[in-house]
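**Q** Before we start, here is the structure in question, set down as structure tokens.
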Amino acid sequence: MPPLPITPATLFRTFARMGLIGFGGVLPWARRVLVDERGWLDDAEFADLLSTGQILPGPNIVNLAMMFGYRHAGLKGALAASFGLIGPPGLIVLALGVGYRYVADLPAIQGALHGMTAVAAGLIILTAIKLALAQRGLGLAWLTGGAAFVAVALLRWPLLPVLAVLIPLSLLICLIGARR
Amino acid sequence: MTLLLSLFGHFAQLSLIAFGGASAVLPDMHRVLVTEHHWLSESAFAASYTIAQVAPGPNLLFVLLFGLQIAGLPGALVALLAMCLPSSLIALAVEHYGHRHREHRWHQLIRRALAPLTIALILATGVLLINGSRPGIVSLTLTAATVVIGLKTRFNPIWLIAAGALLGAFGWR
């Protein structure tokens with residue numbers, strides 16, 4: 001079967017599918033849908049797109065949708081892909097949020113949400129640990145990570161000035177490390 | 001209107017510094033929405049994040065629920081738009097001007113420099129959520145068990161979330 005042509009309509013449908021099946025984050029599903037199901041990208045192209053999306057600020061998956069949509073179908077494509085990705089699951093989240101307002105005072109609901117938040121905390125710490133284990137030879141650059149944690153988690157300083165200092169510092173450390 | 005504008009301003013700023021995605025800037029959202037302005041209570045903040053997390057879709061959708069609770073439907077849309085628009089414009093510009101001459105060496109350098117910062121911020125989000133879960137023996141055990149199980153097995157986290165909901169609903173902390 002020839003691959004589906006890439007148009008704003010197929011972009012919307014494809015990214016909507018990705019958004020609706022992606023529990024706990026969409027990124028793992030993006031590869032499956034774009035590479036395996038649609039055949040719109042090969043693995044190397046996907047890795048390249050993902051790596052660009054990841055060094056840019058903002059939600060990675062939205063960056064990816066924007067860039068992929070724009071590359072293949074212009075501005076309309078970029079909008080179709082990101083609306084597909086965000087719109088349908090966004091409606092579900094909004095519906096849950098409206099429902100929550102009616103039951104927020106029930107002790108059982110509060111308790112259930114606290115229990116789920118405890119697991120969500122574990123999942124996000126797990127993400128951080130897995131990311132850390134995947135890094136090699138960062139050496140001194142970890143100091144900037146430690147400083148960021150102290151500043152944001154313990155001292156609760158605003159993020160903007162913290163990153164304005166630590167990103168250049170970390171770049172400098174990595175640059176010197178790479179020269180040696 | 002001023003409320004919507006300041007919501008837009010804060011989230012748009014975070015969109016531009018959200019290296020590592022929306023979850024990395026959760027502590028700064030907490031600082032502004034809960035600590036500084038008292039727009040959200042501690043438990044409404046945590047609940048919003050968790051509800052969006054158990055629904056399908058990209059992680060960033062929790063900003064919809066922050067906006068919804070602070071300023072209704074307009075608030076939800078403003079929060080989502082502010083979180084996506086600035087960074088999307090950068091992504092479009094990079095795609096439009098940059099993708100012919102990508103320098104992979106620079107990519108790698110930037111990614112290496114950002115990695116420790118991203119990891120630290122995600123960890124800070126984890127600590128924040130532990131606070132939001134009203135930690136007791138049961139919930140701290142749940143958090144720790146989730147980390148250990150996630151590292152050692154390929155167990156589907158949805159079952160852990162269900163277990164957390166059940167234990168919590170019975171009032172065990």
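Simple scheme: letters A, B, ... for chains in structure tokens order, numbers from 1 for residues in each chain, numbers from 1 for ligands in the order shown.
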Can you write out as JSON lines which residues of chain A fall within 7 Å of chain B, alongside each residue's closest atom pair and its distance in Å to one decimal, counting only C-alpha atoms and ordering rows by chain and ascending residue number?
**A**
{"residue": "A:Gly19", "atom": "CA", "partner": "B:Gly57", "partner_atom": "CA", "distance": 4.5}
{"residue": "A:Leu20", "atom": "CA", "partner": "B:Pro56", "partner_atom": "CA", "distance": 5.4}
{"residue": "A:Ile21", "atom": "CA", "partner": "B:Pro56", "partner_atom": "CA", "distance": 6.2}
{"residue": "A:Gly22", "atom": "CA", "partner": "B:Pro56", "partner_atom": "CA", "distance": 5.3}
{"residue": "A:Phe23", "atom": "CA", "partner": "B:Pro56", "partner_atom": "CA", "distance": 4.4}
{"residue": "A:Gly24", "atom": "CA", "partner": "B:Gln53", "partner_atom": "CA", "distance": 5.8}
{"residue": "A:Gly25", "atom": "CA", "partner": "B:Pro58", "partner_atom": "CA", "distance": 5.1}
{"residue": "A:Val26", "atom": "CA", "partner": "B:Pro58", "partner_atom": "CA", "distance": 5.3}
{"residue": "A:Gln54", "atom": "CA", "partner": "B:Gly20", "partner_atom": "CA", "distance": 6.8}
{"residue": "A:Ile55", "atom": "CA", "partner": "B:Arg111", "partner_atom": "CA", "distance": 6.0}
{"residue": "A:Leu56", "atom": "CA", "partner": "B:Phe19", "partner_atom": "CA", "distance": 6.6}
{"residue": "A:Pro57", "atom": "CA", "partner": "B:Phe19", "partner_atom": "CA", "distance": 4.5}
{"residue": "A:Gly58", "atom": "CA", "partner": "B:Ala18", "partner_atom": "CA", "distance": 4.8}
{"residue": "A:Pro59", "atom": "CA", "partner": "B:Gly21", "partner_atom": "CA", "distance": 4.4}
{"residue": "A:Asn60", "atom": "CA", "partner": "B:Gly21", "partner_atom": "CA", "distance": 5.7}
{"residue": "A:Asn63", "atom": "CA", "partner": "B:Ala91", "partner_atom": "CA", "distance": 5.7}
{"residue": "A:Met66", "atom": "CA", "partner": "B:Leu92", "partner_atom": "CA", "distance": 6.6}
{"residue": "A:Met67", "atom": "CA", "partner": "B:Glu95", "partner_atom": "CA", "distance": 5.7}
{"residue": "A:Pro89", "atom": "CA", "partner": "B:Gly57", "partner_atom": "CA", "distance": 5.1}
{"residue": "A:Gly90", "atom": "CA", "partner": "B:Leu61", "partner_atom": "CA", "distance": 6.4}
{"residue": "A:Val93", "atom": "CA", "partner": "B:Ala52", "partner_atom": "CA", "distance": 5.8}
{"residue": "A:Leu94", "atom": "CA", "partner": "B:Leu65", "partner_atom": "CA", "distance": 6.8}
{"residue": "A:Gly97", "atom": "CA", "partner": "B:Leu65", "partner_atom": "CA", "distance": 6.1}
{"residue": "A:Ala108", "atom": "CA", "partner": "B:Ala169", "partner_atom": "CA", "distance": 4.3}
{"residue": "A:Ile109", "atom": "CA", "partner": "B:Ala169", "partner_atom": "CA", "distance": 6.2}
{"residue": "A:Gly111", "atom": "CA", "partner": "B:Gly168", "partner_atom": "CA", "distance": 4.2}
{"residue": "A:Ala112", "atom": "CA", "partner": "B:Ala165", "partner_atom": "CA", "distance": 4.0}
{"residue": "A:Leu113", "atom": "CA", "partner": "B:Ala47", "partner_atom": "CA", "distance": 6.0}
{"residue": "A:His114", "atom": "CA", "partner": "B:Ser133", "partner_atom": "CA", "distance": 4.5}
{"residue": "A:Gly115", "atom": "CA", "partner": "B:Gly164", "partner_atom": "CA", "distance": 4.2}
{"residue": "A:Met116", "atom": "CA", "partner": "B:Gly164", "partner_atom": "CA", "distance": 4.8}
{"residue": "A:Thr117", "atom": "CA", "partner": "B:Ser133", "partner_atom": "CA", "distance": 5.3}
{"residue": "A:Ala118", "atom": "CA", "partner": "B:Thr143", "partner_atom": "CA", "distance": 5.2}
{"residue": "A:Val119", "atom": "CA", "partner": "B:Thr143", "partner_atom": "CA", "distance": 5.2}
{"residue": "A:Ala120", "atom": "CA", "partner": "B:Thr50", "partner_atom": "CA", "distance": 6.7}
{"residue": "A:Ala121", "atom": "CA", "partner": "B:Gly126", "partner_atom": "CA", "distance": 4.7}
{"residue": "A:Gly122", "atom": "CA", "partner": "B:Thr143", "partner_atom": "CA", "distance": 4.4}
{"residue": "A:Leu123", "atom": "CA", "partner": "B:Thr146", "partner_atom": "CA", "distance": 6.4}
{"residue": "A:Ile124", "atom": "CA", "partner": "B:Gly126", "partner_atom": "CA", "distance": 5.6}
{"residue": "A:Ile125", "atom": "CA", "partner": "B:Gly126", "partner_atom": "CA", "distance": 5.2}
{"residue": "A:Leu126", "atom": "CA", "partner": "B:Val147", "partner_atom": "CA", "distance": 5.2}
{"residue": "A:Ala128", "atom": "CA", "partner": "B:Ile119", "partner_atom": "CA", "distance": 5.2}
{"residue": "A:Leu131", "atom": "CA", "partner": "B:Ile119", "partner_atom": "CA", "distance": 6.8}
{"residue": "A:Ala132", "atom": "CA", "partner": "B:Ile119", "partner_atom": "CA", "distance": 6.7}
{"residue": "A:Ala141", "atom": "CA", "partner": "B:Pro116", "partner_atom": "CA", "distance": 6.8}
{"residue": "A:Trp142", "atom": "CA", "partner": "B:Pro116", "partner_atom": "CA", "distance": 5.6}
{"residue": "A:Thr144", "atom": "CA", "partner": "B:Leu117", "partner_atom": "CA", "distance": 6.6}
{"residue": "A:Gly145", "atom": "CA", "partner": "B:Pro116", "partner_atom": "CA", "distance": 4.5}
{"residue": "A:Gly146", "atom": "CA", "partner": "B:Ala120", "partner_atom": "CA", "distance": 6.7}
{"residue": "A:Ala148", "atom": "CA", "partner": "B:Ala120", "partner_atom": "CA", "distance": 6.2}
{"residue": "A:Phe149", "atom": "CA", "partner": "B:Ala120", "partner_atom": "CA", "distance": 5.1}
{"residue": "A:Val152", "atom": "CA", "partner": "B:Ala124", "partner_atom": "CA", "distance": 6.9}
{"residue": "A:Ala153", "atom": "CA", "partner": "B:Ala124", "partner_atom": "CA", "distance": 4.9}
{"residue": "A:Pro158", "atom": "CA", "partner": "B:Asp28", "partner_atom": "CA", "distance": 6.3}
{"residue": "A:Leu159", "atom": "CA", "partner": "B:Asp28", "partner_atom": "CA", "distance": 6.0}
{"residue": "A:Ile167", "atom": "CA", "partner": "B:Leu114", "partner_atom": "CA", "distance": 6.8}
{"residue": "A:Ser170", "atom": "CA", "partner": "B:Ala113", "partner_atom": "CA", "distance": 5.1}
{"residue": "A:Leu171", "atom": "CA", "partner": "B:Ala113", "partner_atom": "CA", "distance": 5.0}
{"residue": "A:Cys174", "atom": "CA", "partner": "B:Ala113", "partner_atom": "CA", "distance": 6.0}
**Q** Can you pull out every residue within 7 Å of Ala78 of chain A, counting only C-alpha atoms, but drop anything in the same chain fewer than 2 positions away, and send it as a ChimeraX atom specification?
**A** /A:65-70,74-76,80-82
**Q** What does the distance from atom CA of Leu91 of chain A to atom CA of Leu27 of chain A come to in Å, to one decimal?
**A**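 Here the two named atoms are 19.5 Å from each other.
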**Q** Measure the distance from atom CA of Ala71 of chain B to atom CA of Leu4 of chain B in Å and round it to one decimal.
**A**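 If I compute the distance from atom CA of Ala71 of chain B to atom CA of Leu4 of chain B, I get 7.3 Å.
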**Q** Atom CA of Phe83 of chain A to atom CA of Gly67 of chain B: how many Å, to one decimal?
**A**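 These two atoms are separated by 18.4 Å.
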**Q** Looking only at alpha helix (DSSP H) from DSSP on the backbone, list the matching residues of segment 3-171 of chain B as JSON, numbers by chain.
**A** {"B": [3, 4, 5, 6, 7, 8, 9, 10, 11, 12, 13, 14, 15, 16, 17, 26, 27, 28, 29, 30, 42, 43, 44, 45, 46, 47, 48, 49, 50, 51, 52, 53, 54, 62, 63, 64, 65, 66, 67, 68, 69, 70, 71, 72, 73, 74, 75, 76, 77, 78, 79, 80, 81, 82, 83, 84, 85, 86, 87, 88, 89, 90, 91, 92, 93, 104, 105, 106, 107, 108, 109, 110, 111, 112, 113, 114, 115, 116, 117, 118, 119, 120, 121, 122, 123, 124, 125, 126, 127, 128, 129, 130, 131, 132, 137, 138, 139, 140, 141, 142, 143, 144, 145, 146, 147, 148, 149, 150, 151, 152, 157, 158, 159, 160, 161, 162, 163, 164, 165, 166, 167, 168, 169]}
